[in-house]
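Trainee: Just passing along the structure, written as structure tokens.
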Amino acid sequence: MSSNHLSFQSPGCGSLLLGAQYASRARLAELFGIERVAEMIVCSSDGEELEDDDLLPYFAQTKDKLFTVLDEYFLDRSDHQHDDKCDWHSHDGDAKHCLVECELSNHIATRFQAMPDARRAMARDVYKPRHAWLFESPLDLKRVLAPELLALYDADSDSLRSASELATRVTDKTQLYSVPCFSEQFCATLLDEVDAFEASGCALTRPNSMNVYGLVLDDIGLRAVLAELRQHIIAPLAQQLLHSLPGIDSIDHHHAFVVQYAASDSNGVGDSDLGFHYDESEATLNVCLGREGFQGSELYFRGWLEDESTHDEDVRVGHKVGHALVH
């Protein structure tokens, strides 16, 4: 996290990082899906409400880095106690729910759903890209793709010839493949853009609950070009290599993000490891972006979660810059 970032959290809506210079009441309300600024409450890490109308001077000098954002609707209903006056109802024959709790849940969900668009709108309004070509559609695939993968793509027919010619199968029982994917120029440019966005102070969220260092690429303005890359290259690649997996023919969305790692015994900035987990997706494309002189980035695989016969796999894969592990 950059030194000028403050962390804001809101019950049920997760958290985000924001530069102190942008943390006005109006901006916070917009980012957390709160329609009326006057109904927003901001509290410090010790629970004290910040009452100043203009919060920017406070955020500019405070040593506090963690804040909570609430709204009056939440506060009025969050401590609701059931009694004989509760209004109970059910949805389509489900178990009955307290109306107050149901309305609060819907309120939180509405706010949460508005938050990604608010982050992207801020990026469009505030952030000036360092490498404009990354954001331009149609994407320049000659600059993005590794030469080997580019050679398989036919722009005239918008088709990808047999990726099996290029892919190396890494495991016997499961479908794990290594493929040259992105050019070294694209990897370096993307990392530089990510660094610039982090330094800008624009709102960002971490990609998942396991990584402290990283960001969602849609949030910095790359949603459209990543959708284009998914449609023309990534989905066809995954469908050819993983053709027997359920749902592989209907890849129509993405969750694209970068994460940063550093050795636990070094002074580097980054997560030191990633816990054992499974990806809840039709396909995963894990690409090593690297930095000059980097070492490590080994990945560990232990079969398919749903297939116990594959759990005896014990595979460690070394990554190379620009190469993707598809699974």
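So you can find residues: chains in the structure tokens are A, B, ... in the order shown, residues in each start at 1, and ligands are numbered from 1 in order.
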Taking only residues of region 139-182 of chain A that have an atom at most 7 Å from an atom of region 231-253 of chain A, what is each one's shortest atom pair and its distance in Å to one decimal, using only C-alpha atoms, in chain and number order, as a tab-separated table?
Mentor:
residue	atom	partner	partner_atom	distance
A:Asp158	CA	A:His232	CA	6.8
A:Leu160	CA	A:Pro236	CA	6.6
A:Ala163	CA	A:Leu237	CA	6.3
A:Ser164	CA	A:Leu241	CA	6.7
A:Gln175	CA	A:Leu242	CA	6.7
Trainee: Give me the residues near region 310-314 of chain A as a compact mmCIF listing (two decimals) with C-alpha atoms, in the first residue's frame, where near means some atom within 9 Å (using only C-alpha atoms) and where sequence neighbours in that chain fewer than 4 positions away do not count.
Mentor:
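File result-v2.txt, as written:
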# COMPACT_ATOMS: atom_id res chain seq x y z
CA THR A 171 0.42 -32.69 -15.49
CA ASP A 172 -0.71 -36.18 -16.47
CA LYS A 173 -4.04 -36.52 -14.66
CA THR A 174 -5.26 -32.93 -14.75
CA TYR A 300 2.15 -25.61 -6.52
CA PHE A 301 -0.70 -27.80 -7.79
CA ARG A 302 -2.40 -30.75 -6.08
CA GLY A 303 -5.04 -32.05 -8.51
CA TRP A 304 -8.73 -31.22 -8.93
CA LEU A 305 -10.78 -30.56 -5.80
CA GLU A 306 -13.76 -32.61 -7.00
Trainee: Write out as a VMD selection string which residues come within 12 Å of Ser137 (chain A) when counting only C-alpha atoms, dropping same-chain ones fewer than 5 positions away.
Mentor: chain A and resid 132 221 to 229
Trainee: Which is closest to Pro207 (chain A) among A:Val259, A:Met40, A:Ile34, A:Leu191, if we use only C-alpha atoms?
Mentor: A:Val259
Trainee: Please extract the residues of region 19-211 of chain A with a backbone DSSP assignment of alpha helix (DSSP H) and present them as a PyMOL selection string.
Mentor: chain A and resi 25-31+56-61+72-78+99-126+141-144+147-150+184-200
Trainee: Find the residues around Gly290 (chain A) up to 9 Å (only C-alpha atoms counted), leave out those fewer than 3 positions away in its own chain, and share them as a PyMOL selection string.
Mentor: chain A and resi 187-188+191+293-295+297+320-322
Trainee: Hey, what does DSSP flag as strand (DSSP E) within region 115-241 of chain A? Can you give it to me as a tab-separated table (two decimals) with N, CA, C and O atoms, in the first residue's frame?
Mentor:
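Final file, states_39.tsv:
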chain	number	residue	atom	x	y	z
A	153	TYR	N	-2.84	-16.62	-34.40
A	153	TYR	CA	-4.08	-15.84	-34.50
A	153	TYR	C	-4.26	-15.30	-35.91
A	153	TYR	O	-3.37	-14.66	-36.47
A	154	ASP	N	-5.44	-15.56	-36.49
A	154	ASP	CA	-5.78	-15.07	-37.83
A	154	ASP	C	-6.76	-13.92	-37.66
A	154	ASP	O	-7.94	-14.14	-37.34
A	159	SER	N	-9.81	-15.90	-35.56
A	159	SER	CA	-9.75	-17.26	-35.04
A	159	SER	C	-8.33	-17.59	-34.58
A	159	SER	O	-7.35	-17.01	-35.06
A	160	LEU	N	-8.27	-18.51	-33.64
A	160	LEU	CA	-6.99	-18.95	-33.10
A	160	LEU	C	-6.77	-20.40	-33.55
A	160	LEU	O	-7.56	-21.28	-33.23
A	168	THR	N	2.42	-26.76	-23.68
A	168	THR	CA	3.11	-27.89	-23.06
A	168	THR	C	2.27	-28.38	-21.89
A	168	THR	O	1.95	-27.60	-20.98
A	169	ARG	N	1.88	-29.64	-21.93
A	169	ARG	CA	1.10	-30.19	-20.82
A	169	ARG	C	2.02	-30.48	-19.65
A	169	ARG	O	3.04	-31.16	-19.79
A	177	TYR	N	-1.59	-26.59	-18.43
A	177	TYR	CA	-0.75	-26.33	-19.60
A	177	TYR	C	0.07	-25.07	-19.40
A	177	TYR	O	-0.37	-24.12	-18.73
A	178	SER	N	1.24	-25.06	-20.00
A	178	SER	CA	2.08	-23.87	-20.05
A	178	SER	C	2.11	-23.36	-21.49
A	178	SER	O	2.34	-24.15	-22.42
A	179	VAL	N	1.88	-22.05	-21.65
A	179	VAL	CA	1.77	-21.48	-22.99
A	179	VAL	C	2.48	-20.12	-23.02
A	179	VAL	O	2.24	-19.29	-22.14
A	180	PRO	N	3.33	-19.84	-24.02
A	180	PRO	CA	3.82	-18.47	-24.21
A	180	PRO	C	2.63	-17.57	-24.52
A	180	PRO	O	1.90	-17.84	-25.47
A	214	GLY	N	-1.82	-5.94	-4.49
A	214	GLY	CA	-2.38	-6.21	-5.80
A	214	GLY	C	-3.57	-5.31	-6.06
A	214	GLY	O	-4.01	-4.56	-5.19
A	215	LEU	N	-4.10	-5.39	-7.28
A	215	LEU	CA	-5.29	-4.59	-7.60
A	215	LEU	C	-6.05	-5.24	-8.75
A	215	LEU	O	-5.52	-6.05	-9.51
A	216	VAL	N	-7.32	-4.85	-8.88
A	216	VAL	CA	-8.19	-5.34	-9.94
A	216	VAL	C	-7.99	-4.47	-11.17
A	216	VAL	O	-8.11	-3.24	-11.11
Trainee: Just checking: using only C-alpha atoms, which residue out of A:Tyr22, A:Glu148, A:Val258, A:Ser7 ends up closest to Lys63 (chain A)?
Mentor: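 Closest residue, counting only C-alpha atoms: A:Ser7.
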Trainee: May I have the residues within 10 Å of Pro11 (chain A) as an MDAnalysis selection string, using only C-alpha atoms and disregarding those fewer than 5 positions away in the same chain?
Mentor: chainID A and resid 68:70 74 78 108
Trainee: Please, could you write that set of residues out with N, CA, C and O atoms as a CSV table (one decimal), in the first residue's frame?
Mentor:
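Here's the written file out_23.csv:
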chain,number,residue,atom,x,y,z
A,68,THR,N,-13.8,3.6,9.1
A,68,THR,CA,-15.1,2.9,8.8
A,68,THR,C,-16.1,3.9,8.3
A,68,THR,O,-16.2,5.0,8.8
A,69,VAL,N,-16.8,3.5,7.2
A,69,VAL,CA,-17.8,4.3,6.6
A,69,VAL,C,-19.2,3.6,6.8
A,69,VAL,O,-19.3,2.5,6.5
A,70,LEU,N,-20.1,4.4,7.4
A,70,LEU,CA,-21.4,3.9,7.6
A,70,LEU,C,-22.5,4.8,7.1
A,70,LEU,O,-22.1,5.9,6.7
A,74,PHE,N,-28.1,2.0,7.8
A,74,PHE,CA,-27.5,0.9,8.4
A,74,PHE,C,-27.5,1.0,9.9
A,74,PHE,O,-27.9,0.0,10.6
A,78,SER,N,-29.1,-1.9,12.2
A,78,SER,CA,-28.1,-3.0,12.4
A,78,SER,C,-28.3,-3.6,13.8
A,78,SER,O,-27.9,-4.8,14.0
A,108,ILE,N,-27.7,-3.0,1.7
A,108,ILE,CA,-26.2,-3.3,1.7
A,108,ILE,C,-25.9,-3.8,0.3
A,108,ILE,O,-24.9,-3.4,-0.3
Trainee: Can you measure CA of Leu289 (chain A) to CA of Asp219 (chain A) for me? One decimal in Å is fine.
Mentor: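 Those two atoms sit 18.7 Å apart.
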